[in-house]
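Trainee: Have a peek at work.cif (mmCIF, C-alpha atoms).
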data_data
loop_
_atom_site.label_atom_id
_atom_site.label_comp_id
_atom_site.auth_asym_id
_atom_site.auth_seq_id
_atom_site.Cartn_x
_atom_site.Cartn_y
_atom_site.Cartn_z
CA MET E 235 11.35 -3.07 25.76
CA LYS E 236 9.79 -0.42 23.56
CA LYS E 237 6.52 1.16 24.49
CA VAL E 238 3.67 -0.46 22.55
CA VAL E 239 2.56 1.93 19.87
CA SER E 240 -0.73 1.73 18.02
CA GLU E 241 -0.81 0.59 14.43
CA SER E 242 -2.24 3.87 13.20
CA VAL E 243 0.71 5.78 14.65
CA ILE E 244 3.10 3.36 12.96
CA ASN E 245 1.20 3.85 9.73
CA ARG E 246 1.70 7.60 9.90
CA LEU E 247 5.42 7.58 10.76
CA PRO E 248 6.68 6.64 7.27
CA ARG E 249 4.74 9.58 5.83
CA TYR E 250 6.27 11.95 8.36
CA TYR E 251 9.66 10.49 7.58
CA ARG E 252 9.25 10.91 3.82
CA TYR E 253 8.08 14.47 4.15
CA LEU E 254 10.85 15.45 6.57
CA THR E 255 13.40 13.88 4.23
CA GLU E 256 12.05 15.97 1.37
CA ILE E 257 12.07 19.32 3.18
CA ASN E 258 15.43 18.53 4.81
CA ARG E 259 16.84 18.08 1.31
CA SER E 260 15.45 21.44 0.25
CA GLY E 261 17.21 23.10 3.19
CA ILE E 262 14.34 23.72 5.61
CA GLU E 263 15.66 23.55 9.19
CA ARG E 264 12.60 24.00 11.39
CA ILE E 265 8.92 23.22 11.05
CA SER E 266 6.04 24.03 13.38
CA SER E 267 3.62 21.30 14.35
CA LYS E 268 0.94 23.43 12.64
CA ASP E 269 2.75 23.38 9.27
CA LEU E 270 3.64 19.72 9.61
CA SER E 271 0.04 18.85 10.44
CA GLU E 272 -1.38 20.81 7.50
CA LYS E 273 0.90 19.04 5.11
CA MET E 274 0.15 15.63 6.64
CA HIS E 275 -3.62 16.23 6.81
CA VAL E 276 -3.81 15.43 10.51
CA THR E 277 -4.47 17.83 13.38
CA ALA E 278 -1.55 19.55 15.13
CA SER E 279 -2.56 17.86 18.36
CA GLN E 280 -2.48 14.49 16.56
CA ILE E 281 1.08 15.19 15.41
CA ARG E 282 2.16 16.12 18.92
CA GLN E 283 0.43 13.05 20.32
CA ASP E 284 2.04 10.76 17.71
CA LEU E 285 5.51 12.09 18.42
CA ASN E 286 5.00 12.06 22.16
CA CYS E 287 4.46 8.30 21.99
CA PHE E 288 8.20 8.06 21.64
CA GLY E 289 9.14 10.74 24.14
CA GLY E 290 8.39 14.30 22.98
CA PHE E 291 10.48 16.14 20.46
CA GLY E 292 10.29 19.81 19.68
CA GLN E 293 9.96 22.76 21.95
CA GLN E 294 6.81 24.74 22.60
CA GLY E 295 6.84 27.74 20.28
CA TYR E 296 9.98 26.72 18.42
CA GLY E 297 8.66 23.89 16.33
CA TYR E 298 10.72 20.89 15.39
CA ASN E 299 14.27 20.71 14.16
CA VAL E 300 13.71 18.92 10.83
CA GLU E 301 16.94 16.99 10.75
CA SER E 302 16.81 15.67 14.28
CA LEU E 303 13.09 14.85 14.09
CA ARG E 304 13.76 12.94 10.88
CA ALA E 305 16.64 11.06 12.52
CA GLU E 306 14.52 10.21 15.57
CA ILE E 307 11.64 8.88 13.49
CA GLY E 308 14.15 6.92 11.43
CA LYS E 309 15.49 5.34 14.61
CA ILE E 310 11.99 4.44 15.79
CA LEU E 311 11.37 2.78 12.43
CA GLY E 312 14.67 0.91 12.71
CA LEU E 313 16.07 2.56 9.60
CA ASN E 314 19.48 2.98 11.25
CA ARG E 315 19.99 -0.74 11.78
CA GLY E 316 21.42 -1.66 8.41
CA TYR E 317 18.71 -4.13 7.46
CA THR E 318 19.26 -6.16 4.31
CA ALA E 319 16.62 -7.50 1.96
CA ILE E 320 16.28 -10.08 -0.76
CA LEU E 321 13.61 -9.97 -3.43
CA VAL E 322 11.92 -13.16 -4.58
CA GLY E 323 10.18 -12.73 -7.93
CA ALA E 324 11.53 -10.56 -10.73
CA GLY E 325 8.25 -10.15 -12.59
CA ASN E 326 6.53 -6.81 -13.18
CA MET E 327 5.77 -6.22 -9.51
CA GLY E 328 9.21 -7.19 -8.23
CA ARG E 329 11.00 -5.15 -10.85
CA ALA E 330 8.75 -2.12 -10.30
CA PHE E 331 9.36 -2.21 -6.56
CA ALA E 332 13.10 -2.82 -6.82
CA SER E 333 13.64 -0.12 -9.42
CA ASN E 334 11.56 2.61 -7.81
CA THR E 335 12.30 2.16 -4.14
CA ASN E 336 15.18 4.12 -2.76
CA PHE E 337 16.37 1.43 -0.37
CA GLU E 338 19.59 3.19 0.50
CA SER E 339 18.11 6.52 1.55
CA ARG E 340 15.96 4.54 4.00
CA GLY E 341 18.95 2.66 5.33
CA PHE E 342 18.21 -0.66 3.61
CA LYS E 343 20.34 -2.69 1.31
CA LEU E 344 18.88 -4.94 -1.38
CA ILE E 345 21.43 -7.76 -1.62
CA GLY E 346 19.85 -10.39 -3.86
CA ILE E 347 17.08 -11.01 -6.39
CA PHE E 348 15.79 -14.49 -7.22
CA ASP E 349 13.43 -16.06 -9.72
CA ILE E 350 12.67 -19.54 -11.08
CA ASP E 351 12.06 -18.28 -14.62
CA LYS E 352 15.04 -19.05 -16.87
CA LYS E 353 14.23 -15.96 -18.94
CA LYS E 354 14.67 -13.73 -15.91
CA ILE E 355 17.75 -15.36 -14.39
CA GLY E 356 20.81 -13.31 -15.30
CA MET E 357 18.73 -10.21 -16.07
CA ASP E 358 20.03 -6.99 -14.53
CA VAL E 359 17.65 -5.27 -12.09
CA ARG E 360 18.95 -2.07 -10.43
CA GLY E 361 22.52 -3.34 -10.70
CA LEU E 362 21.88 -6.84 -9.38
CA LYS E 363 21.84 -9.98 -11.52
CA VAL E 364 18.71 -12.05 -10.99
CA GLN E 365 19.82 -15.37 -9.47
CA ASP E 366 18.34 -18.84 -9.78
CA TYR E 367 15.82 -19.56 -7.00
CA LYS E 368 17.43 -22.96 -6.48
CA ASP E 369 20.47 -21.20 -5.02
CA ILE E 370 18.47 -19.20 -2.49
CA LYS E 371 19.02 -21.53 0.48
CA ALA E 372 22.81 -21.25 0.33
CA PHE E 373 22.52 -17.49 -0.18
CA ILE E 374 20.28 -17.02 2.85
CA GLU E 375 22.43 -19.20 5.08
CA ARG E 376 25.48 -17.22 4.06
CA GLU E 377 24.09 -13.66 3.94
CA LYS E 378 21.34 -13.87 6.58
CA PRO E 379 19.09 -11.18 5.05
CA SER E 380 16.89 -9.29 7.53
CA MET E 381 13.85 -9.67 5.31
CA ALA E 382 12.49 -11.14 2.10
CA ILE E 383 10.27 -9.22 -0.28
CA LEU E 384 7.80 -11.61 -1.91
CA ALA E 385 6.60 -10.66 -5.37
CA VAL E 386 5.71 -14.15 -6.52
CA SER E 387 2.41 -15.51 -7.77
CA ARG E 388 -0.53 -15.93 -5.46
CA ASN E 389 -0.28 -19.71 -5.89
CA SER E 390 3.35 -20.15 -4.99
CA MET E 391 3.57 -17.59 -2.17
CA HIS E 392 2.84 -19.93 0.73
CA GLU E 393 5.33 -22.54 -0.42
CA VAL E 394 8.04 -19.92 -0.97
CA ALA E 395 7.40 -18.37 2.45
CA GLU E 396 7.58 -21.77 4.19
CA ASN E 397 10.85 -22.55 2.45
CA LEU E 398 12.39 -19.24 3.36
CA ILE E 399 11.29 -19.54 6.99
CA SER E 400 12.96 -22.95 7.16
CA TYR E 401 16.14 -21.35 5.78
CA GLY E 402 16.03 -18.74 8.54
CA VAL E 403 14.16 -15.70 7.14
CA LYS E 404 12.19 -13.98 9.90
CA ALA E 405 10.47 -11.08 8.13
CA PHE E 406 8.41 -10.74 4.95
CA LEU E 407 7.10 -7.92 2.88
CA ASN E 408 4.40 -9.62 0.87
CA PHE E 409 3.17 -8.24 -2.49
CA SER E 410 1.66 -11.53 -3.62
CA TYR E 411 -2.03 -10.59 -3.63
CA THR E 412 -2.83 -13.09 -0.93
CA GLU E 413 -2.44 -12.82 2.83
CA LEU E 414 0.54 -14.37 4.59
CA ASP E 415 -0.27 -15.04 8.25
CA ALA E 416 2.57 -14.26 10.62
CA ALA E 417 3.85 -17.46 12.20
CA GLU E 418 5.36 -17.33 15.69
CA GLY E 419 8.47 -15.17 15.64
CA VAL E 420 7.97 -14.03 12.06
CA SER E 421 7.14 -10.43 11.10
CA VAL E 422 4.88 -9.87 8.14
CA GLU E 423 3.70 -6.82 6.27
CA ASN E 424 1.07 -7.70 3.69
CA VAL E 425 0.53 -5.14 0.94
CA HIS E 426 -2.77 -5.36 -0.90
CA LEU E 427 -2.74 -2.92 -3.76
CA GLY E 428 -6.42 -3.56 -4.41
CA ASP E 429 -7.25 -2.07 -1.01
CA SER E 430 -6.15 1.33 -2.24
CA LEU E 431 -8.70 1.05 -5.04
CA MET E 432 -11.43 0.39 -2.47
CA ARG E 433 -10.31 3.34 -0.32
CA LEU E 434 -10.45 5.61 -3.34
CA SER E 435 -13.88 4.26 -4.17
CA TYR E 436 -15.00 5.23 -0.66
CA LYS E 437 -13.67 8.75 -1.15
CA ILE E 438 -15.47 9.13 -4.47
CA SER E 439 -18.76 7.81 -3.13
CA GLU E 440 -18.49 10.04 -0.07
CA LYS E 441 -18.42 13.10 -2.33
CA GLU E 442 -21.46 11.91 -4.25
CA GLU E 443 -23.70 11.73 -1.19
CA MET A 32 -24.75 13.15 3.92
CA LYS A 33 -22.82 10.18 5.20
CA LYS A 34 -21.57 10.07 8.75
CA VAL A 35 -17.91 11.06 8.90
CA VAL A 36 -15.86 7.97 9.51
CA SER A 37 -12.26 7.94 10.72
CA GLU A 38 -9.49 7.08 8.33
CA SER A 39 -8.41 4.07 10.35
CA VAL A 40 -11.89 2.54 10.06
CA ILE A 41 -11.82 3.13 6.30
CA ASN A 42 -8.40 1.53 6.17
CA ARG A 43 -9.73 -1.62 7.83
CA LEU A 44 -12.89 -2.01 5.72
CA PRO A 45 -11.13 -3.29 2.57
CA ARG A 46 -9.50 -6.03 4.66
CA TYR A 47 -12.84 -7.07 6.13
CA TYR A 48 -14.30 -7.04 2.64
CA ARG A 49 -11.52 -9.20 1.21
CA TYR A 50 -11.78 -11.73 4.00
CA LEU A 51 -15.58 -11.93 3.85
CA THR A 52 -15.36 -12.41 0.07
CA GLU A 53 -12.96 -15.28 0.61
CA ILE A 54 -15.00 -17.14 3.23
CA ASN A 55 -18.24 -16.43 1.38
CA ARG A 56 -16.71 -18.17 -1.63
CA SER A 57 -15.81 -21.18 0.49
CA GLY A 58 -19.42 -21.47 1.63
CA ILE A 59 -19.28 -20.08 5.19
CA GLU A 60 -22.59 -18.41 6.03
CA ARG A 61 -22.09 -16.96 9.51
CA ILE A 62 -19.16 -15.63 11.46
CA SER A 63 -18.95 -14.45 15.07
CA SER A 64 -17.29 -11.13 15.84
CA LYS A 65 -14.77 -13.16 17.87
CA ASP A 66 -13.71 -15.26 14.86
CA LEU A 67 -13.70 -12.27 12.56
CA SER A 68 -11.60 -10.29 15.02
CA GLU A 69 -9.05 -13.10 15.49
CA LYS A 70 -8.57 -13.39 11.77
CA MET A 71 -8.30 -9.60 11.34
CA HIS A 72 -5.97 -9.15 14.33
CA VAL A 73 -8.19 -6.54 15.95
CA THR A 74 -10.26 -6.92 19.11
CA ALA A 75 -13.87 -8.11 18.90
CA SER A 76 -15.00 -4.82 20.40
CA GLN A 77 -13.04 -2.96 17.71
CA ILE A 78 -14.85 -4.97 15.01
CA ARG A 79 -18.23 -4.18 16.56
CA GLN A 80 -17.29 -0.53 16.90
CA ASP A 81 -16.09 -0.33 13.28
CA LEU A 82 -19.27 -1.86 11.93
CA ASN A 83 -21.47 0.20 14.21
CA CYS A 84 -20.12 3.35 12.57
CA PHE A 85 -22.42 2.52 9.70
CA GLY A 86 -25.40 1.33 11.73
CA GLY A 87 -24.93 -2.03 13.45
CA PHE A 88 -25.03 -5.31 11.63
CA GLY A 89 -25.27 -8.71 13.21
CA GLN A 90 -27.29 -9.92 16.14
CA GLN A 91 -26.00 -10.51 19.65
CA GLY A 92 -25.14 -14.20 19.95
CA TYR A 93 -25.79 -15.00 16.30
CA GLY A 94 -22.77 -13.38 14.71
CA TYR A 95 -22.82 -11.87 11.28
CA ASN A 96 -24.38 -13.18 8.10
CA VAL A 97 -21.31 -13.28 5.86
CA GLU A 98 -23.02 -12.48 2.61
CA SER A 99 -25.04 -9.54 3.85
CA LEU A 100 -22.15 -8.10 5.88
CA ARG A 101 -19.97 -8.32 2.79
CA ALA A 102 -22.63 -6.59 0.70
CA GLU A 103 -23.08 -3.85 3.29
CA ILE A 104 -19.35 -3.14 3.52
CA GLY A 105 -19.21 -3.15 -0.27
CA LYS A 106 -21.96 -0.53 -0.33
CA ILE A 107 -20.14 1.63 2.21
CA LEU A 108 -17.03 1.44 0.05
CA GLY A 109 -19.06 2.37 -3.03
CA LEU A 110 -18.27 -0.92 -4.77
CA ASN A 111 -21.83 -1.20 -6.04
CA ARG A 112 -21.68 2.02 -8.03
CA GLY A 113 -20.14 0.73 -11.22
CA TYR A 114 -17.04 2.90 -11.11
CA THR A 115 -14.80 2.86 -14.14
CA ALA A 116 -11.05 3.36 -14.24
CA ILE A 117 -8.35 4.19 -16.73
CA LEU A 118 -4.69 3.34 -16.22
CA VAL A 119 -2.00 5.78 -17.28
CA GLY A 120 1.39 4.12 -17.61
CA ALA A 121 1.87 0.58 -18.87
CA GLY A 122 5.32 0.05 -17.36
CA ASN A 123 6.13 -2.61 -14.77
CA MET A 124 4.00 -1.05 -12.05
CA GLY A 125 0.98 -0.38 -14.25
CA ARG A 126 1.07 -3.84 -15.79
CA ALA A 127 1.54 -5.53 -12.41
CA PHE A 128 -1.43 -3.69 -10.93
CA ALA A 129 -3.67 -4.17 -13.97
CA SER A 130 -2.91 -7.86 -14.29
CA ASN A 131 -3.21 -8.82 -10.63
CA THR A 132 -6.13 -6.74 -9.47
CA ASN A 133 -9.52 -8.31 -9.73
CA PHE A 134 -11.36 -5.14 -10.70
CA GLU A 135 -14.59 -6.91 -11.57
CA SER A 136 -15.05 -8.77 -8.29
CA ARG A 137 -14.81 -5.39 -6.55
CA GLY A 138 -17.34 -3.84 -8.89
CA PHE A 139 -14.86 -1.82 -10.97
CA LYS A 140 -14.28 -1.82 -14.67
CA LEU A 141 -10.91 -1.00 -16.20
CA ILE A 142 -11.84 0.62 -19.51
CA GLY A 143 -8.62 2.02 -20.94
CA ILE A 144 -4.82 1.88 -20.67
CA PHE A 145 -2.56 4.65 -21.99
CA ASP A 146 1.16 5.21 -22.46
CA ILE A 147 3.42 7.55 -24.42
CA ASP A 148 5.98 4.85 -25.19
CA LYS A 149 5.64 3.62 -28.79
CA LYS A 150 6.90 0.19 -27.71
CA LYS A 151 4.00 -0.19 -25.30
CA ILE A 152 1.21 1.24 -27.47
CA GLY A 153 -0.74 -1.64 -28.99
CA MET A 154 0.50 -4.11 -26.36
CA ASP A 155 -2.21 -6.28 -24.81
CA VAL A 156 -2.64 -5.91 -21.03
CA ARG A 157 -5.42 -8.00 -19.45
CA GLY A 158 -7.42 -7.92 -22.66
CA LEU A 159 -7.04 -4.20 -23.36
CA LYS A 160 -4.82 -2.71 -26.04
CA VAL A 161 -2.54 0.02 -24.69
CA GLN A 162 -3.58 3.28 -26.36
CA ASP A 163 -1.55 6.33 -27.28
CA TYR A 164 -1.56 8.93 -24.50
CA LYS A 165 -2.24 11.64 -27.07
CA ASP A 166 -5.75 10.21 -27.49
CA ILE A 167 -6.56 10.32 -23.78
CA LYS A 168 -8.44 13.64 -23.83
CA ALA A 169 -11.00 12.45 -26.36
CA PHE A 170 -11.34 9.16 -24.50
CA ILE A 171 -11.98 10.85 -21.15
CA GLU A 172 -14.49 13.28 -22.60
CA ARG A 173 -16.36 10.41 -24.21
CA GLU A 174 -16.14 7.74 -21.49
CA LYS A 175 -16.00 9.90 -18.35
CA PRO A 176 -14.02 7.42 -16.21
CA SER A 177 -14.65 7.64 -12.46
CA MET A 178 -10.93 7.53 -11.73
CA ALA A 179 -7.45 7.42 -13.20
CA ILE A 180 -4.74 5.12 -11.93
CA LEU A 181 -1.36 6.84 -12.29
CA ALA A 182 1.62 4.55 -12.77
CA VAL A 183 3.84 7.04 -14.52
CA SER A 184 7.28 8.30 -13.60
CA ARG A 185 7.83 10.52 -10.60
CA ASN A 186 8.84 13.36 -12.93
CA SER A 187 5.81 13.34 -15.19
CA MET A 188 3.14 12.63 -12.56
CA HIS A 189 2.17 16.22 -11.77
CA GLU A 190 1.86 17.20 -15.41
CA VAL A 191 -0.24 14.13 -16.20
CA ALA A 192 -2.51 14.74 -13.21
CA GLU A 193 -3.03 18.39 -14.17
CA ASN A 194 -3.91 17.41 -17.72
CA LEU A 195 -6.38 14.78 -16.62
CA ILE A 196 -8.03 17.14 -14.14
CA SER A 197 -8.51 19.66 -16.94
CA TYR A 198 -10.14 16.89 -19.02
CA GLY A 199 -12.55 16.15 -16.17
CA VAL A 200 -11.01 13.37 -14.07
CA LYS A 201 -11.94 13.80 -10.41
CA ALA A 202 -10.21 10.90 -8.65
CA PHE A 203 -6.70 9.48 -8.72
CA LEU A 204 -5.03 6.39 -7.45
CA ASN A 205 -1.39 7.39 -7.50
CA PHE A 206 1.43 4.82 -7.69
CA SER A 207 4.02 7.29 -8.91
CA TYR A 208 6.35 7.39 -5.90
CA THR A 209 5.63 11.01 -5.22
CA GLU A 210 2.72 12.63 -3.42
CA LEU A 211 -0.19 14.12 -5.34
CA ASP A 212 -1.98 16.72 -3.24
CA ALA A 213 -5.75 16.63 -3.57
CA ALA A 214 -6.98 19.80 -5.27
CA GLU A 215 -10.44 21.12 -4.43
CA GLY A 216 -13.05 18.58 -5.50
CA VAL A 217 -10.51 15.93 -6.42
CA SER A 218 -10.12 12.65 -4.50
CA VAL A 219 -6.64 11.21 -4.19
CA GLU A 220 -5.26 7.99 -2.80
CA ASN A 221 -1.46 8.02 -2.77
CA VAL A 222 0.18 4.62 -2.52
CA HIS A 223 3.78 4.62 -1.32
CA LEU A 224 5.14 1.13 -1.56
CA GLY A 225 8.28 2.17 0.31
CA ASP A 226 6.17 2.88 3.40
CA SER A 227 5.48 -0.82 3.75
CA LEU A 228 9.22 -1.43 3.90
CA MET A 229 9.50 1.05 6.77
CA ARG A 230 6.57 -0.53 8.61
CA LEU A 231 8.20 -3.93 8.31
CA SER A 232 11.45 -2.43 9.54
CA TYR A 233 9.60 -1.19 12.62
CA LYS A 234 8.19 -4.65 13.26
CA ILE A 235 11.63 -6.26 12.99
CA SER A 236 13.28 -3.70 15.27
CA GLU A 237 10.47 -4.05 17.80
CA LYS A 238 11.26 -7.77 18.13
CA GLU A 239 14.95 -7.07 18.62
CA GLU A 240 14.42 -4.88 21.68
#
What would the structure in this file look like if it were written as structure tokens?

Mentor:
Amino acid sequence: MKKVVSESVINRLPRYYRYLTEINRSGIERISSKDLSEKMHVTASQIRQDLNCFGGFGQQGYGYNVESLRAEIGKILGLNRGYTAILVGAGNMGRAFASNTNFESRGFKLIGIFDIDKKKIGMDVRGLKVQDYKDIKAFIEREKPSMAILAVSRNSMHEVAENLISYGVKAFLNFSYTELDAAEGVSVENVHLGDSLMRLSYKISEKEE
Amino acid sequence: MKKVVSESVINRLPRYYRYLTEINRSGIERISSKDLSEKMHVTASQIRQDLNCFGGFGQQGYGYNVESLRAEIGKILGLNRGYTAILVGAGNMGRAFASNTNFESRGFKLIGIFDIDKKKIGMDVRGLKVQDYKDIKAFIEREKPSMAILAVSRNSMHEVAENLISYGVKAFLNFSYTELDAAEGVSVENVHLGDSLMRLSYKISEKEE
């Protein structure tokens, strides 16, 4: 059983992972907790505390080895487990997410895209042909995707989620502008793009005071 | 000067605001911190602590008045300040965000959409005609938008942001899949949709242990 880790730590790990990936690519081998913290806009002690949650990395005075820290954080996030995803909804949101997300470099594989719209079925999205939603049950039973990404309309989201759960899907990334509550045994990550607008509004208003 | 509030509190406020908006609409007048906390998946004491950051609301034993709590959180988030936004980039991401975000109910006004792509200029997106990016300087100087939403390509984001800053834009909501660092006096909210995939991955792997 993993140690229980607070949500705010989990929220910071993907950022650490992204940044370490970037500097690893540009050939940087070590980074001090001070430099990492400056870049991440958190205190150095916060960084150390976050990473200690999972059993400390790094050595006092030597900083972190970028590649191994990146690999460790990736493991914590489950990025080494070969998770597969299907996308339901090939509208603007679904296409934007599919086209711009580097699934592979994060260890994911997007294996199917589905829509009910005849105009979208057969369309090519990042090398996959959009399939007819009516074939999704057979696909899920055969391929057993680790997760479904929902980019459907607000009104159809709950019905789609219920269907997919009954076909065996146990995890959802939900971009459908309405909250999906996690049923027993189901993992859910709701993304509300409008929240980012409100957070920015807070930052602007804070500066005006 | 506002009290400094932690980022994790700020991250929770938009969720509270959304939920209160929803139940307010369905006619619910009061809510206990227990009910609010169950729905928000945080402890009741966390809810009280979060709201106390801004000077307590609610009365022991009576719960919160939904409408006034919603209004107060809205004020904290600056949603009552009539902020205006422009969108740069009318591709899939920009159109998805513009079409699905209820700017008005959060007190924002989307006043202009810009792109460099001739095929997109003139297109109608949620009632606004997409304008030519070459006219953006004059528009910004005239309309002084409170923020710019960047939904441009990874490669052009930094150039666009620099231009807009030189025209007077002081806040950015960045959907461009690469990090914009906040320059002095500039507010930035970076949205990395891929992070949500990693968070979901963590949740799945946690259940497998």

Trainee: Decode the PyMOL selection byres ((chain A) within 8 of (chain E)) for the given file into explicit residues and return them as a VMD selection string.

Mentor: chain A and resid 32 to 33 39 41 to 42 45 to 46 107 to 110 114 123 to 124 126 to 128 131 to 133 137 202 to 204 208 218 to 220 222 224 to 237 240

Trainee: Atom CA of Ser400 of chain E and atom CA of Gly316 of chain E are how many Å apart?

Mentor: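 Going from atom CA of Ser400 of chain E over to atom CA of Gly316 of chain E, I get 22.9 Å.
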
Trainee: Which neighbours of Lys165 of chain A fall inside 10 Å, counting all atoms listed in the file, when residues of the same chain fewer than 6 positions from it are skipped, and could you give them as a ChimeraX atom specification?

Mentor: /A:145-147

Trainee: Of the candidates A:Leu181, A:Asp166, A:Gly120, A:Glu98, which one gets nearest to Ile54 of chain A if we count all atoms listed in the file?

Mentor: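 The closest residue to Ile54 of chain A is A:Glu98.
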
Trainee: Can you work out the spacing between atom CA of Arg360 of chain E and atom CA of Asp148 of chain A in Å, to one decimal?

Mentor: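 Interatomic distance, atom CA of Arg360 of chain E to atom CA of Asp148 of chain A: 20.8 Å.
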
Trainee: List the neighbours of Glu174 of chain A out to 9 Å using all atoms listed in the file; skip same-chain residues closer than 5 positions along the sequence, and give me the result as a PyMOL selection string.

Mentor: chain A and resi 115+142+169

Trainee: One decimal, in Å: what's the spacing between atom CA of Ser240 of chain E and atom CA of Glu396 of chain E?

Mentor: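 Atom CA of Glu396 of chain E lies at a distance of 28.5 Å from atom CA of Ser240 of chain E.
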
Trainee: Could you write out as a list in words the residues that the PyMOL selection byres ((chain A and resi 77) around 12) matches in the shown file?

Mentor: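 On the file shown, the PyMOL selection byres ((chain A and resi 77) around 12) covers Ser39, Val40, Arg43, Ser64, Lys65, Leu67, Ser68, Glu69, Met71, His72, Val73, Thr74, Ala75, Ser76, Ile78, Arg79, Gln80, Asp81, Leu82, Asn83 and Cys84 of chain A.
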
Trainee: Given the file above and the PyMOL selection byres ((chain E and resi 363) around 12), which residues are selected, and can you give them as a PyMOL selection string?

Mentor: chain E and resi 321+324+329+344-349+354-362+364-366

Trainee: Could segment 206-220 of chain A be completed with N, CA and C atoms and returned as an mmCIF file, in the frame of the given file?

Mentor:
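out32.cif, written as the output of this step:
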data_model
loop_
_atom_site.group_PDB
_atom_site.id
_atom_site.type_symbol
_atom_site.label_atom_id
_atom_site.label_comp_id
_atom_site.auth_asym_id
_atom_site.auth_seq_id
_atom_site.Cartn_x
_atom_site.Cartn_y
_atom_site.Cartn_z
ATOM 1 N N PHE A 206 0.326 5.746 -7.987
ATOM 2 C CA PHE A 206 1.430 4.820 -7.690
ATOM 3 C C PHE A 206 2.771 5.400 -8.144
ATOM 4 N N SER A 207 2.864 6.728 -8.217
ATOM 5 C CA SER A 207 4.020 7.290 -8.910
ATOM 6 C C SER A 207 5.166 7.714 -8.007
ATOM 7 N N TYR A 208 5.217 7.176 -6.809
ATOM 8 C CA TYR A 208 6.350 7.390 -5.900
ATOM 9 C C TYR A 208 6.575 8.836 -5.535
ATOM 10 N N THR A 209 5.569 9.648 -5.728
ATOM 11 C CA THR A 209 5.630 11.010 -5.220
ATOM 12 C C THR A 209 4.205 11.435 -4.930
ATOM 13 N N GLU A 210 4.047 12.315 -3.947
ATOM 14 C CA GLU A 210 2.720 12.630 -3.420
ATOM 15 C C GLU A 210 1.950 13.567 -4.353
ATOM 16 N N LEU A 211 0.700 13.214 -4.625
ATOM 17 C CA LEU A 211 -0.190 14.120 -5.340
ATOM 18 C C LEU A 211 -1.112 14.744 -4.294
ATOM 19 N N ASP A 212 -1.087 16.059 -4.187
ATOM 20 C CA ASP A 212 -1.980 16.720 -3.240
ATOM 21 C C ASP A 212 -3.359 16.839 -3.863
ATOM 22 N N ALA A 213 -4.383 16.575 -3.052
ATOM 23 C CA ALA A 213 -5.750 16.630 -3.570
ATOM 24 C C ALA A 213 -6.154 18.083 -3.770
ATOM 25 N N ALA A 214 -6.429 18.470 -5.010
ATOM 26 C CA ALA A 214 -6.980 19.800 -5.270
ATOM 27 C C ALA A 214 -8.451 19.784 -4.865
ATOM 28 N N GLU A 215 -9.017 20.955 -4.743
ATOM 29 C CA GLU A 215 -10.440 21.120 -4.430
ATOM 30 C C GLU A 215 -11.297 20.212 -5.327
ATOM 31 N N GLY A 216 -12.129 19.396 -4.710
ATOM 32 C CA GLY A 216 -13.050 18.580 -5.500
ATOM 33 C C GLY A 216 -12.449 17.333 -6.107
ATOM 34 N N VAL A 217 -11.176 17.101 -5.849
ATOM 35 C CA VAL A 217 -10.510 15.930 -6.420
ATOM 36 C C VAL A 217 -10.155 14.947 -5.292
ATOM 37 N N SER A 218 -10.459 13.674 -5.502
ATOM 38 C CA SER A 218 -10.120 12.650 -4.500
ATOM 39 C C SER A 218 -8.812 11.992 -4.892
ATOM 40 N N VAL A 219 -7.948 11.803 -3.905
ATOM 41 C CA VAL A 219 -6.640 11.210 -4.190
ATOM 42 C C VAL A 219 -6.321 10.116 -3.184
ATOM 43 N N GLU A 220 -5.815 9.025 -3.666
ATOM 44 C CA GLU A 220 -5.260 7.990 -2.800
ATOM 45 C C GLU A 220 -3.822 7.772 -3.271
#
